[in-house]
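J.: Just so it is clear, I am handing over data24.txt, which has compact mmCIF, C-alpha atoms and all ligand atoms.
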```txt
# COMPACT_ATOMS: atom_id res chain seq x y z
CA MET A 1 3.05 -10.94 -12.43
CA LEU A 2 5.38 -8.84 -10.33
CA THR A 3 8.57 -9.74 -8.49
CA VAL A 4 10.11 -7.11 -6.25
CA LYS A 5 13.55 -7.82 -4.82
CA ASP A 6 15.49 -5.92 -2.18
CA LEU A 7 14.09 -2.46 -2.85
CA VAL A 8 16.02 0.23 -1.03
CA LYS A 9 15.14 3.92 -1.01
CA HIS A 10 16.91 6.47 1.18
CA PHE A 11 16.08 10.16 0.97
CA PRO A 12 19.03 12.47 1.54
CA LEU A 13 18.49 15.14 4.18
CA LYS A 14 19.40 18.59 2.94
CA ALA A 15 22.46 19.95 4.75
CA GLY A 16 21.39 22.55 7.26
CA ARG A 17 22.19 23.99 10.63
CA PHE A 18 21.14 20.85 12.48
CA SER A 19 22.04 18.11 10.03
CA SER A 20 25.00 17.04 8.00
CA SER A 21 24.48 16.27 4.33
CA GLU A 22 25.39 12.63 4.96
CA GLU A 23 22.22 11.94 6.93
CA LYS A 24 19.46 10.01 5.21
CA ILE A 25 15.88 8.96 5.80
CA HIS A 26 15.86 5.16 5.54
CA ALA A 27 12.39 4.87 3.97
CA LEU A 28 12.78 1.42 2.35
CA ASN A 29 15.38 -1.03 3.64
CA GLY A 30 15.23 -4.08 1.37
CA VAL A 31 11.65 -4.95 0.55
CA SER A 32 10.91 -8.13 -1.42
CA PHE A 33 7.67 -9.85 -2.48
CA THR A 34 5.87 -11.48 -5.37
CA LEU A 35 2.38 -10.79 -6.70
CA GLY A 36 0.38 -13.34 -8.71
CA LYS A 37 -2.38 -12.90 -11.28
CA LYS A 38 -5.72 -11.72 -9.89
CA GLN A 39 -4.14 -11.65 -6.45
CA THR A 40 -4.23 -8.89 -3.85
CA LEU A 41 -1.17 -8.19 -1.77
CA GLY A 42 -2.07 -6.04 1.22
CA ILE A 43 0.55 -3.77 2.76
CA VAL A 44 -0.19 -2.49 6.25
CA GLY A 45 1.76 -0.38 8.72
CA GLU A 46 1.55 2.91 10.54
CA SER A 47 2.06 6.29 8.94
CA GLY A 48 5.66 6.90 7.83
CA CYS A 49 6.67 3.22 7.55
CA GLY A 50 7.37 3.53 3.83
CA LYS A 51 4.16 2.34 2.16
CA SER A 52 3.83 5.22 -0.31
CA THR A 53 7.57 5.18 -0.99
CA LEU A 54 7.17 1.51 -1.93
CA ALA A 55 4.21 2.32 -4.23
CA LYS A 56 6.08 5.15 -5.94
CA ALA A 57 9.23 3.05 -6.35
CA ILE A 58 7.27 0.24 -8.03
CA LEU A 59 5.51 2.71 -10.34
CA GLY A 60 8.81 4.43 -11.15
CA ILE A 61 7.53 7.82 -9.93
CA LYS A 62 10.35 7.94 -7.34
CA PRO A 63 12.69 5.15 -8.45
CA ALA A 64 14.43 3.01 -5.82
CA ASP A 65 18.16 3.43 -5.13
CA SER A 66 18.70 -0.30 -5.59
CA GLY A 67 16.80 -3.54 -5.99
CA SER A 68 14.80 -4.92 -8.89
CA ILE A 69 11.23 -4.85 -10.16
CA THR A 70 10.30 -7.52 -12.71
CA LEU A 71 6.99 -7.72 -14.54
CA ASP A 72 5.78 -10.93 -16.19
CA PRO A 73 4.81 -10.44 -18.97
CA PRO A 74 7.18 -7.46 -19.26
CA ASP A 75 4.54 -5.26 -20.93
CA THR A 76 2.10 -5.58 -18.00
CA ARG A 77 0.49 -2.20 -17.43
CA MET A 78 0.44 -0.70 -13.96
CA GLN A 79 -1.89 2.02 -12.73
CA TYR A 80 -2.54 3.58 -9.35
CA ILE A 81 -5.24 5.02 -7.14
CA PHE A 82 -4.11 7.45 -4.46
CA GLN A 83 -5.64 8.46 -1.15
CA ASP A 84 -7.08 11.84 -1.96
CA PRO A 85 -9.65 11.92 -4.77
CA TYR A 86 -9.80 15.73 -4.42
CA LEU A 87 -6.13 16.28 -5.27
CA SER A 88 -5.87 13.65 -7.97
CA LEU A 89 -8.50 15.02 -10.39
CA ASP A 90 -7.81 18.10 -12.54
CA PRO A 91 -10.65 20.53 -11.64
CA LYS A 92 -10.65 22.06 -15.14
CA MET A 93 -11.18 18.78 -17.01
CA GLN A 94 -14.51 17.14 -17.79
CA VAL A 95 -14.93 13.72 -16.25
CA LYS A 96 -15.16 11.97 -19.63
CA ASP A 97 -11.67 13.25 -20.49
CA ILE A 98 -10.28 12.42 -17.04
CA ILE A 99 -11.61 8.89 -16.98
CA THR A 100 -10.30 8.03 -20.47
CA GLU A 101 -6.98 9.87 -20.15
CA PRO A 102 -4.74 6.78 -19.80
CA MET A 103 -6.40 5.32 -22.94
CA THR A 104 -5.90 8.46 -25.04
CA ALA A 105 -2.37 8.86 -23.69
CA ALA A 106 -1.55 5.28 -24.72
CA GLY A 107 -3.16 5.74 -28.15
CA MET A 108 -5.73 3.04 -27.38
CA ILE A 109 -8.70 5.15 -28.51
CA THR A 110 -9.31 8.15 -30.77
CA LYS A 111 -10.91 11.42 -29.67
CA LYS A 112 -14.18 10.30 -31.30
CA GLU A 113 -14.32 7.25 -29.06
CA VAL A 114 -13.92 9.20 -25.80
CA VAL A 115 -17.65 9.68 -25.13
CA LYS A 116 -18.55 6.04 -25.68
CA GLU A 117 -15.59 4.73 -23.65
CA ALA A 118 -16.32 7.20 -20.85
CA GLN A 119 -19.93 5.96 -20.71
CA ARG A 120 -18.74 2.36 -20.47
CA LEU A 121 -16.26 3.21 -17.69
CA LEU A 122 -18.73 5.34 -15.72
CA GLU A 123 -21.21 2.44 -15.73
CA LEU A 124 -18.48 0.02 -14.71
CA VAL A 125 -17.70 2.07 -11.59
CA GLY A 126 -21.37 2.58 -10.70
CA LEU A 127 -21.93 6.17 -11.89
CA PRO A 128 -24.63 7.39 -14.32
CA LYS A 129 -23.18 7.05 -17.81
CA ASP A 130 -24.32 10.50 -18.93
CA TRP A 131 -22.29 12.32 -16.25
CA GLY A 132 -19.19 12.60 -18.45
CA THR A 133 -19.63 16.31 -19.15
CA LYS A 134 -19.59 17.19 -15.45
CA TYR A 135 -16.54 18.55 -13.62
CA PRO A 136 -14.91 16.98 -10.52
CA HIS A 137 -16.35 19.59 -8.10
CA GLU A 138 -19.86 18.33 -8.91
CA PHE A 139 -19.07 14.96 -7.33
CA SER A 140 -18.89 13.75 -3.72
CA GLY A 141 -15.71 12.20 -2.28
CA GLY A 142 -16.89 8.65 -2.88
CA GLN A 143 -17.98 9.48 -6.43
CA ARG A 144 -14.61 11.09 -7.13
CA GLN A 145 -12.83 7.98 -5.94
CA ARG A 146 -15.04 6.00 -8.36
CA ILE A 147 -13.78 8.28 -11.15
CA CYS A 148 -10.17 7.67 -10.05
CA ILE A 149 -10.86 3.92 -10.10
CA GLY A 150 -12.42 4.19 -13.58
CA ARG A 151 -9.39 6.08 -14.82
CA ALA A 152 -7.04 3.50 -13.28
CA ILE A 153 -8.75 0.52 -14.95
CA SER A 154 -9.40 2.25 -18.30
CA SER A 155 -6.15 1.19 -19.95
CA ARG A 156 -6.66 -2.44 -18.89
CA PRO A 157 -3.78 -2.63 -16.42
CA GLY A 158 -2.64 -5.98 -15.07
CA ILE A 159 -1.78 -4.40 -11.74
CA VAL A 160 -3.38 -1.50 -9.85
CA ILE A 161 -1.61 -0.06 -6.82
CA CYS A 162 -4.19 1.34 -4.39
CA ASP A 163 -2.48 3.62 -1.85
CA GLU A 164 -4.89 4.24 1.03
CA PRO A 165 -7.86 4.44 -1.40
CA VAL A 166 -10.52 4.78 1.30
CA SER A 167 -8.62 6.57 4.09
CA SER A 168 -10.00 9.99 3.21
CA LEU A 169 -13.61 8.81 2.78
CA ASP A 170 -16.50 8.67 5.26
CA VAL A 171 -16.71 5.30 6.97
CA SER A 172 -20.18 4.80 5.47
CA ILE A 173 -18.74 5.10 1.94
CA GLN A 174 -15.58 3.05 2.52
CA SER A 175 -17.13 -0.40 2.18
CA GLN A 176 -18.86 0.57 -1.09
CA ILE A 177 -15.53 1.53 -2.61
CA LEU A 178 -13.80 -1.59 -1.26
CA ASN A 179 -16.52 -3.79 -2.70
CA LEU A 180 -16.31 -1.99 -6.06
CA LEU A 181 -12.58 -2.78 -6.16
CA LEU A 182 -13.29 -6.46 -5.41
CA GLU A 183 -16.04 -6.61 -8.04
CA LEU A 184 -13.77 -5.07 -10.70
CA GLN A 185 -10.96 -7.46 -9.79
CA ASP A 186 -13.33 -10.36 -10.46
CA LYS A 187 -14.56 -8.95 -13.77
CA LEU A 188 -11.26 -7.69 -15.14
CA GLU A 189 -8.77 -10.11 -13.53
CA ILE A 190 -6.67 -7.33 -12.03
CA SER A 191 -3.96 -7.81 -9.41
CA TYR A 192 -3.87 -5.27 -6.61
CA ILE A 193 -1.28 -3.97 -4.25
CA PHE A 194 -3.59 -2.66 -1.58
CA ILE A 195 -2.02 -0.27 0.92
CA ALA A 196 -3.64 0.96 4.14
CA HIS A 197 -2.81 1.77 7.75
CA ASN A 198 -6.00 0.06 8.95
CA ILE A 199 -5.30 -3.66 9.34
CA ALA A 200 -9.00 -4.60 9.37
CA VAL A 201 -9.42 -3.12 5.87
CA VAL A 202 -6.29 -4.87 4.61
CA LEU A 203 -7.39 -8.24 6.04
CA TYR A 204 -10.76 -7.84 4.27
CA MET A 205 -9.23 -7.05 0.88
CA SER A 206 -6.13 -9.24 0.59
CA ASP A 207 -4.99 -12.73 -0.37
CA ILE A 208 -1.63 -12.11 1.28
CA VAL A 209 -0.85 -9.46 3.89
CA SER A 210 2.59 -8.00 4.48
CA VAL A 211 3.15 -5.94 7.60
CA MET A 212 5.64 -3.08 7.24
CA TYR A 213 7.64 -1.41 9.97
CA ALA A 214 10.39 1.20 9.50
CA GLY A 215 10.93 0.33 5.85
CA TYR A 216 11.01 -3.44 6.40
CA ILE A 217 8.43 -6.16 5.85
CA VAL A 218 8.30 -7.80 9.29
CA GLU A 219 5.58 -10.41 8.70
CA SER A 220 3.73 -11.93 5.75
CA ALA A 221 0.84 -14.42 5.70
CA ASN A 222 -2.64 -14.99 4.34
CA PRO A 223 -5.22 -12.90 6.23
CA GLN A 224 -6.91 -15.80 8.07
CA GLU A 225 -3.56 -17.04 9.34
CA LEU A 226 -2.30 -13.56 10.23
CA TYR A 227 -5.46 -12.81 12.18
CA ALA A 228 -5.65 -16.15 13.98
CA ASP A 229 -1.95 -16.62 14.66
CA PRO A 230 0.09 -13.43 14.38
CA MET A 231 3.79 -13.95 15.06
CA HIS A 232 5.53 -10.57 15.11
CA PRO A 233 5.01 -8.40 18.23
CA TYR A 234 4.24 -5.43 15.96
CA THR A 235 1.49 -7.33 14.12
CA LYS A 236 0.00 -8.23 17.51
CA LEU A 237 0.01 -4.54 18.38
CA LEU A 238 -1.78 -3.62 15.13
CA LEU A 239 -4.44 -6.26 15.72
CA SER A 240 -4.95 -5.29 19.35
CA VAL A 241 -5.80 -1.69 18.59
CA VAL A 242 -8.53 -2.44 16.04
CA PRO A 243 -11.69 -2.08 18.16
CA GLU A 244 -13.79 -4.84 16.60
CA ILE A 245 -10.91 -7.31 16.58
CA GLY A 246 -9.31 -6.28 19.89
CA LYS A 247 -12.59 -6.45 21.80
CA ASN A 248 -13.34 -10.09 21.13
CA LYS A 249 -9.83 -11.36 20.99
CA ARG A 250 -7.35 -10.42 23.68
CA ILE A 251 -4.45 -11.03 21.39
CA PHE A 252 -1.99 -8.82 23.15
CA GLU A 253 -2.55 -7.87 26.74
CA GLN A 254 0.62 -5.91 27.18
CA LYS A 255 0.45 -2.31 26.16
CA ILE A 256 3.10 -1.20 23.70
CA THR A 257 4.30 2.33 24.03
CA GLY A 258 7.09 4.32 22.47
CA GLU A 259 7.72 6.60 19.57
CA VAL A 260 7.56 5.78 15.91
CA PRO A 261 11.05 4.77 14.79
CA ASP A 262 13.71 7.32 13.91
CA LEU A 263 14.38 6.60 10.24
CA ILE A 264 17.42 8.87 10.19
CA HIS A 265 19.42 7.39 13.07
CA MET A 266 18.57 3.70 12.65
CA GLU A 267 19.91 1.61 15.53
CA ALA A 268 21.62 -1.75 15.12
CA GLY A 269 19.48 -4.87 15.26
CA CYS A 270 15.72 -5.17 15.14
CA PRO A 271 13.97 -1.95 14.09
CA PHE A 272 11.12 -2.65 16.55
CA TYR A 273 13.46 -3.04 19.53
CA SER A 274 12.67 0.25 21.27
CA ARG A 275 8.93 -0.51 21.41
CA CYS A 276 9.01 -4.28 21.73
CA PRO A 277 7.80 -5.59 25.12
CA VAL A 278 9.43 -8.99 24.61
CA HIS A 279 12.83 -7.99 23.29
CA LYS A 280 15.96 -9.95 24.24
CA ASP A 281 19.66 -9.10 24.16
CA VAL A 282 20.12 -10.86 20.83
CA CYS A 283 17.63 -8.45 19.21
CA ARG A 284 20.23 -5.67 19.31
CA THR A 285 22.95 -7.71 17.63
CA ALA A 286 21.61 -8.06 14.09
CA ILE A 287 18.55 -7.36 11.99
CA PRO A 288 16.22 -10.41 11.99
CA GLN A 289 15.55 -11.70 8.47
CA LEU A 290 12.09 -12.51 7.10
CA LYS A 291 11.92 -16.32 7.38
CA PRO A 292 9.13 -18.89 7.03
CA GLY A 293 7.78 -20.24 10.32
CA GLU A 294 6.20 -23.66 10.83
CA LYS A 295 3.89 -22.94 7.91
CA SER A 296 5.89 -22.13 4.79
CA ASP A 297 3.50 -19.38 3.64
CA HIS A 298 3.79 -17.50 6.94
CA SER A 299 7.03 -15.55 7.34
CA CYS A 300 8.22 -13.36 10.15
CA ALA A 301 11.31 -11.27 10.89
CA CYS A 302 11.82 -11.64 14.63
CA TRP A 303 14.56 -13.24 16.74
CA LEU A 304 11.91 -15.05 18.81
CA TYR A 305 11.41 -17.42 15.86
CA GLN A 306 14.94 -17.77 14.47
N1 LIG B 401 10.16 12.89 -1.15
C1 LIG B 401 10.60 12.66 0.09
N2 LIG B 401 11.68 13.32 0.59
C2 LIG B 401 12.13 13.07 1.83
N3 LIG B 401 11.57 12.18 2.66
C3 LIG B 401 10.50 11.49 2.24
C4 LIG B 401 9.96 11.70 0.92
N4 LIG B 401 8.88 10.86 0.78
C5 LIG B 401 8.78 10.19 1.95
N5 LIG B 401 9.74 10.55 2.82
C6 LIG B 401 9.96 10.00 4.18
O1 LIG B 401 10.07 8.60 4.07
C7 LIG B 401 9.39 7.96 5.15
C8 LIG B 401 8.30 7.07 4.61
O2 LIG B 401 7.27 7.87 4.08
P1 LIG B 401 6.00 7.27 3.28
O3 LIG B 401 6.49 6.26 2.30
O4 LIG B 401 5.22 8.39 2.76
O5 LIG B 401 5.23 6.52 4.47
P2 LIG B 401 3.71 6.00 4.53
O6 LIG B 401 3.15 6.07 3.15
O7 LIG B 401 3.82 4.61 5.09
O8 LIG B 401 3.02 6.91 5.49
C9 LIG B 401 8.87 9.09 6.05
O9 LIG B 401 9.82 9.32 7.05
C10 LIG B 401 8.80 10.26 5.10
O10 LIG B 401 8.94 11.47 5.79
S1 LIG B 402 13.46 -9.32 17.10
FE1 LIG B 402 13.37 -8.90 19.28
S2 LIG B 402 12.92 -6.71 19.43
FE2 LIG B 402 12.45 -7.37 17.36
S3 LIG B 402 10.29 -7.82 17.38
FE3 LIG B 402 11.37 -9.74 17.75
S4 LIG B 402 11.52 -9.90 19.98
FE4 LIG B 402 10.98 -7.77 19.52
MG MG B 403 1.38 6.96 2.44
```
Could you write out this file's structure as structure tokens?
Ligand SMILES: Nc1ncnc2c1ncn2[C@@H]1O[C@H](COP(=O)(O)OP(=O)(O)O)[C@@H](O)[C@H]1O
Ligand code: SF4
Ligand SMILES: [Mg+2]
T.:
Amino acid sequence: MLTVKDLVKHFPLKAGRFSSSEEKIHALNGVSFTLGKKQTLGIVGESGCGKSTLAKAILGIKPADSGSITLDPPDTRMQYIFQDPYLSLDPKMQVKDIITEPMTAAGMITKKEVVKEAQRLLELVGLPKDWGTKYPHEFSGGQRQRICIGRAISSRPGIVICDEPVSSLDVSIQSQILNLLLELQDKLEISYIFIAHNIAVVLYMSDIVSVMYAGYIVESANPQELYADPMHPYTKLLLSVVPEIGKNKRIFEQKITGEVPDLIHMEAGCPFYSRCPVHKDVCRTAIPQLKPGEKSDHSCACWLYQ
């Protein structure tokens, strides 16, 4: 449904006392992937690695500098769900108008049909159908995220980009929202791009997981494979710090330290070099490309495998 090729997005740094105007933040450095029908592509990586930049580039909110985004069919609708359900709902609008907004904006329904459509959508996301006349402040965080989900699916999108949809919610609510997303995917045949910094959540939700580091995808595999046999040293780090995974499986004994990468002064070679406990001289010479390993659906960008 979606083919993304070589997306690049660099943000210029404003010229100031400490920086020249030529300096840039290298937020996306050539990201490629495909997404099939009813599939979930998970994107995981630590804060600042370019996940939201990728989401916004695909949606056209902050277009990429170069690269291509191809939808098949070309009129496939895309919608999004963002992290903070408090910021993404207009406090002055009634929920029935919020939840049907993409439909009215697209001319899919008339004003008369708003109440009925809102009732249908509220039920679909597990809220009482007569709550449409309420305002966002009358809802809890989890309920607000249900409204955001209802709004996202209202215009029957083929693809929904979920950018950290549960990161701001109580842990007790998170699994309810994740399961709602899975249930709706089954009913409505939606494809998801599911973004999170928590690898356990991404493994649970996804058919394919791509691990991002410093604006690059460094590893891609199905979740079972990625969990059982991670290749990239950074993926091993992510898995080792998840308590419930790390406890039972000593995947990576060696502690990885170091700062998050400097996206302004990118060094030659592998972007993970400065934090990688197994780096070699060759790692400084050129950027490792994402290449399939022994299994063709498991790719990794690391000189250890090339
Ligand atoms: N509008 C912007 N202007 C300048 N820099 C930005 C902008 N948006 C994001 N960045 C920078 O791009 C990098 C990636 O950010 P982001 O995509 O938000 O990461 P993530 O969502 O993975 O936390 C960060 O260094 C961030 O500061
Ligand atoms: S290419 Fe080298 S530095 Fe980069 S992750 Fe692999 S081993 Fe580490
Ligand atoms: Mg983000």
J.: As a list in words, please: every protein or nucleic acid residue near ligand MG 403 (chain B) (cut-off 9 Å, counting all atoms listed in the file).
T.: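 Listing the residues within 9 Å of ligand MG 403 (chain B) gives Ser47, Gly48, Cys49, Gly50, Lys51, Ser52, Thr53, Ala55, Phe82, Gln83, Asp163, Glu164, Ile195, Ala196 and His197 of chain A.
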J.: Residues of chain A that have any atom at most 12 Å from an atom of ligand LIG 402 (chain B): could you tabulate them with the shortest-distance atom pair and the distance in Å to one decimal, using all atoms listed in the file, ordered by chain and increasing number, as a tab-separated table?
T.:
```
residue	atom	partner	partner_atom	distance
A:Tyr213	CA	B:LIG402	S3	10.1
A:Ala214	CA	B:LIG402	FE2	11.8
A:Tyr216	CA	B:LIG402	FE2	11.7
A:Ile217	CA	B:LIG402	S3	11.8
A:Val218	CA	B:LIG402	S3	8.3
A:Glu219	CA	B:LIG402	S3	10.2
A:Met231	CA	B:LIG402	FE3	9.1
A:His232	CA	B:LIG402	S3	5.9
A:Pro233	CA	B:LIG402	S3	5.4
A:Tyr234	CA	B:LIG402	S3	6.7
A:Thr235	CA	B:LIG402	S3	9.4
A:Lys236	CA	B:LIG402	S3	10.3
A:Leu237	CA	B:LIG402	S3	10.8
A:Ile256	CA	B:LIG402	FE4	11.1
A:Glu267	CA	B:LIG402	S2	11.5
A:Ala268	CA	B:LIG402	S2	10.9
A:Gly269	CA	B:LIG402	S1	7.7
A:Cys270	CA	B:LIG402	FE2	4.5
A:Pro271	CA	B:LIG402	FE2	6.5
A:Phe272	CA	B:LIG402	FE2	5.0
A:Tyr273	CA	B:LIG402	S2	3.7
A:Ser274	CA	B:LIG402	S2	7.2
A:Arg275	CA	B:LIG402	S2	7.6
A:Cys276	CA	B:LIG402	FE4	4.6
A:Pro277	CA	B:LIG402	FE4	6.8
A:Val278	CA	B:LIG402	S4	5.2
A:His279	CA	B:LIG402	S4	4.0
A:Lys280	CA	B:LIG402	FE1	5.7
A:Asp281	CA	B:LIG402	FE1	8.0
A:Val282	CA	B:LIG402	FE1	7.2
A:Cys283	CA	B:LIG402	FE1	4.3
A:Arg284	CA	B:LIG402	S2	7.4
A:Thr285	CA	B:LIG402	S1	9.6
A:Ala286	CA	B:LIG402	S1	8.8
A:Ile287	CA	B:LIG402	S1	7.5
A:Pro288	CA	B:LIG402	S1	5.9
A:Gln289	CA	B:LIG402	S1	9.2
A:Leu290	CA	B:LIG402	S1	10.6
A:Cys300	CA	B:LIG402	FE3	9.0
A:Ala301	CA	B:LIG402	S1	6.9
A:Cys302	CA	B:LIG402	FE3	3.7
A:Trp303	CA	B:LIG402	S1	4.1
A:Leu304	CA	B:LIG402	S4	5.3
A:Tyr305	CA	B:LIG402	FE3	7.9
A:Gln306	CA	B:LIG402	S1	9.0
```
J.: In Å to one decimal, how far is CA of Glu183 (chain A) from CA of Leu121 (chain A)?
T.: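 That distance, rounded to one decimal, is 13.8 Å.
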J.: Expressed in Å to a single decimal, how great is the separation between CA of Val202 (chain A) and CA of Pro63 (chain A)?
T.: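 Atom-to-atom, CA of Val202 (chain A) to CA of Pro63 (chain A), that is 25.1 Å.
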J.: Extract, using only C-alpha atoms, all DNA, RNA and protein residues at most 9 Å from region 185-194 of chain A, discarding same-chain residues fewer than 3 positions from it, and format them as an MDAnalysis selection string.
T.: chainID A and resid 1 35:44 55 153 156:165 180:182 202 205:206
J.: For region 126-148 of chain A of the structure just presented, write N, CA and C atoms to a file, as a PDB file, in the first residue's frame.
T.:
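Final output, part-v8.pdb:
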```pdb
ATOM      1  N   GLY A 126     -15.415   1.977  21.734  1.00  0.00           N
ATOM      2  CA  GLY A 126     -15.694   1.543  23.100  1.00  0.00           C
ATOM      3  C   GLY A 126     -16.114   2.640  24.052  1.00  0.00           C
ATOM      4  N   LEU A 127     -16.758   3.704  23.528  1.00  0.00           N
ATOM      5  CA  LEU A 127     -17.300   4.757  24.397  1.00  0.00           C
ATOM      6  C   LEU A 127     -18.829   4.761  24.269  1.00  0.00           C
ATOM      7  N   PRO A 128     -19.532   5.227  25.329  1.00  0.00           N
ATOM      8  CA  PRO A 128     -21.000   5.298  25.229  1.00  0.00           C
ATOM      9  C   PRO A 128     -21.412   6.186  24.049  1.00  0.00           C
ATOM     10  N   LYS A 129     -22.391   5.707  23.274  1.00  0.00           N
ATOM     11  CA  LYS A 129     -22.683   6.411  22.015  1.00  0.00           C
ATOM     12  C   LYS A 129     -23.383   7.746  22.231  1.00  0.00           C
ATOM     13  N   ASP A 130     -23.907   7.973  23.440  1.00  0.00           N
ATOM     14  CA  ASP A 130     -24.598   9.250  23.673  1.00  0.00           C
ATOM     15  C   ASP A 130     -23.676  10.300  24.329  1.00  0.00           C
ATOM     16  N   TRP A 131     -22.374  10.100  24.225  1.00  0.00           N
ATOM     17  CA  TRP A 131     -21.433  11.057  24.819  1.00  0.00           C
ATOM     18  C   TRP A 131     -20.957  12.131  23.824  1.00  0.00           C
ATOM     19  N   GLY A 132     -21.583  12.185  22.675  1.00  0.00           N
ATOM     20  CA  GLY A 132     -21.132  13.090  21.612  1.00  0.00           C
ATOM     21  C   GLY A 132     -21.244  14.565  21.947  1.00  0.00           C
ATOM     22  N   THR A 133     -22.151  14.920  22.868  1.00  0.00           N
ATOM     23  CA  THR A 133     -22.310  16.346  23.182  1.00  0.00           C
ATOM     24  C   THR A 133     -21.351  16.804  24.288  1.00  0.00           C
ATOM     25  N   LYS A 134     -20.538  15.884  24.787  1.00  0.00           N
ATOM     26  CA  LYS A 134     -19.552  16.265  25.812  1.00  0.00           C
ATOM     27  C   LYS A 134     -18.355  16.958  25.168  1.00  0.00           C
ATOM     28  N   TYR A 135     -17.550  17.598  26.017  1.00  0.00           N
ATOM     29  CA  TYR A 135     -16.331  18.282  25.567  1.00  0.00           C
ATOM     30  C   TYR A 135     -15.104  17.487  26.029  1.00  0.00           C
ATOM     31  N   PRO A 136     -13.952  17.651  25.357  1.00  0.00           N
ATOM     32  CA  PRO A 136     -12.775  16.841  25.675  1.00  0.00           C
ATOM     33  C   PRO A 136     -12.394  16.826  27.156  1.00  0.00           C
ATOM     34  N   HIS A 137     -12.573  17.964  27.883  1.00  0.00           N
ATOM     35  CA  HIS A 137     -12.117  17.983  29.280  1.00  0.00           C
ATOM     36  C   HIS A 137     -12.922  17.035  30.172  1.00  0.00           C
ATOM     37  N   GLU A 138     -14.043  16.550  29.675  1.00  0.00           N
ATOM     38  CA  GLU A 138     -14.866  15.632  30.476  1.00  0.00           C
ATOM     39  C   GLU A 138     -14.388  14.180  30.359  1.00  0.00           C
ATOM     40  N   PHE A 139     -13.324  13.969  29.590  1.00  0.00           N
ATOM     41  CA  PHE A 139     -12.842  12.607  29.366  1.00  0.00           C
ATOM     42  C   PHE A 139     -11.466  12.377  30.002  1.00  0.00           C
ATOM     43  N   SER A 140     -11.196  11.120  30.361  1.00  0.00           N
ATOM     44  CA  SER A 140      -9.869  10.760  30.880  1.00  0.00           C
ATOM     45  C   SER A 140      -8.891  10.641  29.708  1.00  0.00           C
ATOM     46  N   GLY A 141      -7.596  10.481  30.028  1.00  0.00           N
ATOM     47  CA  GLY A 141      -6.574  10.360  28.983  1.00  0.00           C
ATOM     48  C   GLY A 141      -6.846   9.209  28.026  1.00  0.00           C
ATOM     49  N   GLY A 142      -7.183   8.056  28.579  1.00  0.00           N
ATOM     50  CA  GLY A 142      -7.454   6.886  27.742  1.00  0.00           C
ATOM     51  C   GLY A 142      -8.680   7.103  26.864  1.00  0.00           C
ATOM     52  N   GLN A 143      -9.716   7.728  27.455  1.00  0.00           N
ATOM     53  CA  GLN A 143     -10.934   8.007  26.677  1.00  0.00           C
ATOM     54  C   GLN A 143     -10.657   9.006  25.564  1.00  0.00           C
ATOM     55  N   ARG A 144      -9.801   9.995  25.867  1.00  0.00           N
ATOM     56  CA  ARG A 144      -9.445  10.964  24.819  1.00  0.00           C
ATOM     57  C   ARG A 144      -8.703  10.296  23.683  1.00  0.00           C
ATOM     58  N   GLN A 145      -7.816   9.354  24.035  1.00  0.00           N
ATOM     59  CA  GLN A 145      -7.103   8.676  22.950  1.00  0.00           C
ATOM     60  C   GLN A 145      -8.079   7.836  22.136  1.00  0.00           C
ATOM     61  N   ARG A 146      -9.132   7.300  22.764  1.00  0.00           N
ATOM     62  CA  ARG A 146     -10.173   6.588  21.998  1.00  0.00           C
ATOM     63  C   ARG A 146     -10.852   7.539  21.010  1.00  0.00           C
ATOM     64  N   ILE A 147     -11.093   8.777  21.445  1.00  0.00           N
ATOM     65  CA  ILE A 147     -11.699   9.773  20.544  1.00  0.00           C
ATOM     66  C   ILE A 147     -10.760  10.053  19.365  1.00  0.00           C
ATOM     67  N   CYS A 148      -9.459  10.216  19.666  1.00  0.00           N
ATOM     68  CA  CYS A 148      -8.479  10.449  18.590  1.00  0.00           C
ATOM     69  C   CYS A 148      -8.466   9.281  17.606  1.00  0.00           C
TER      70      CYS A 148
END
```
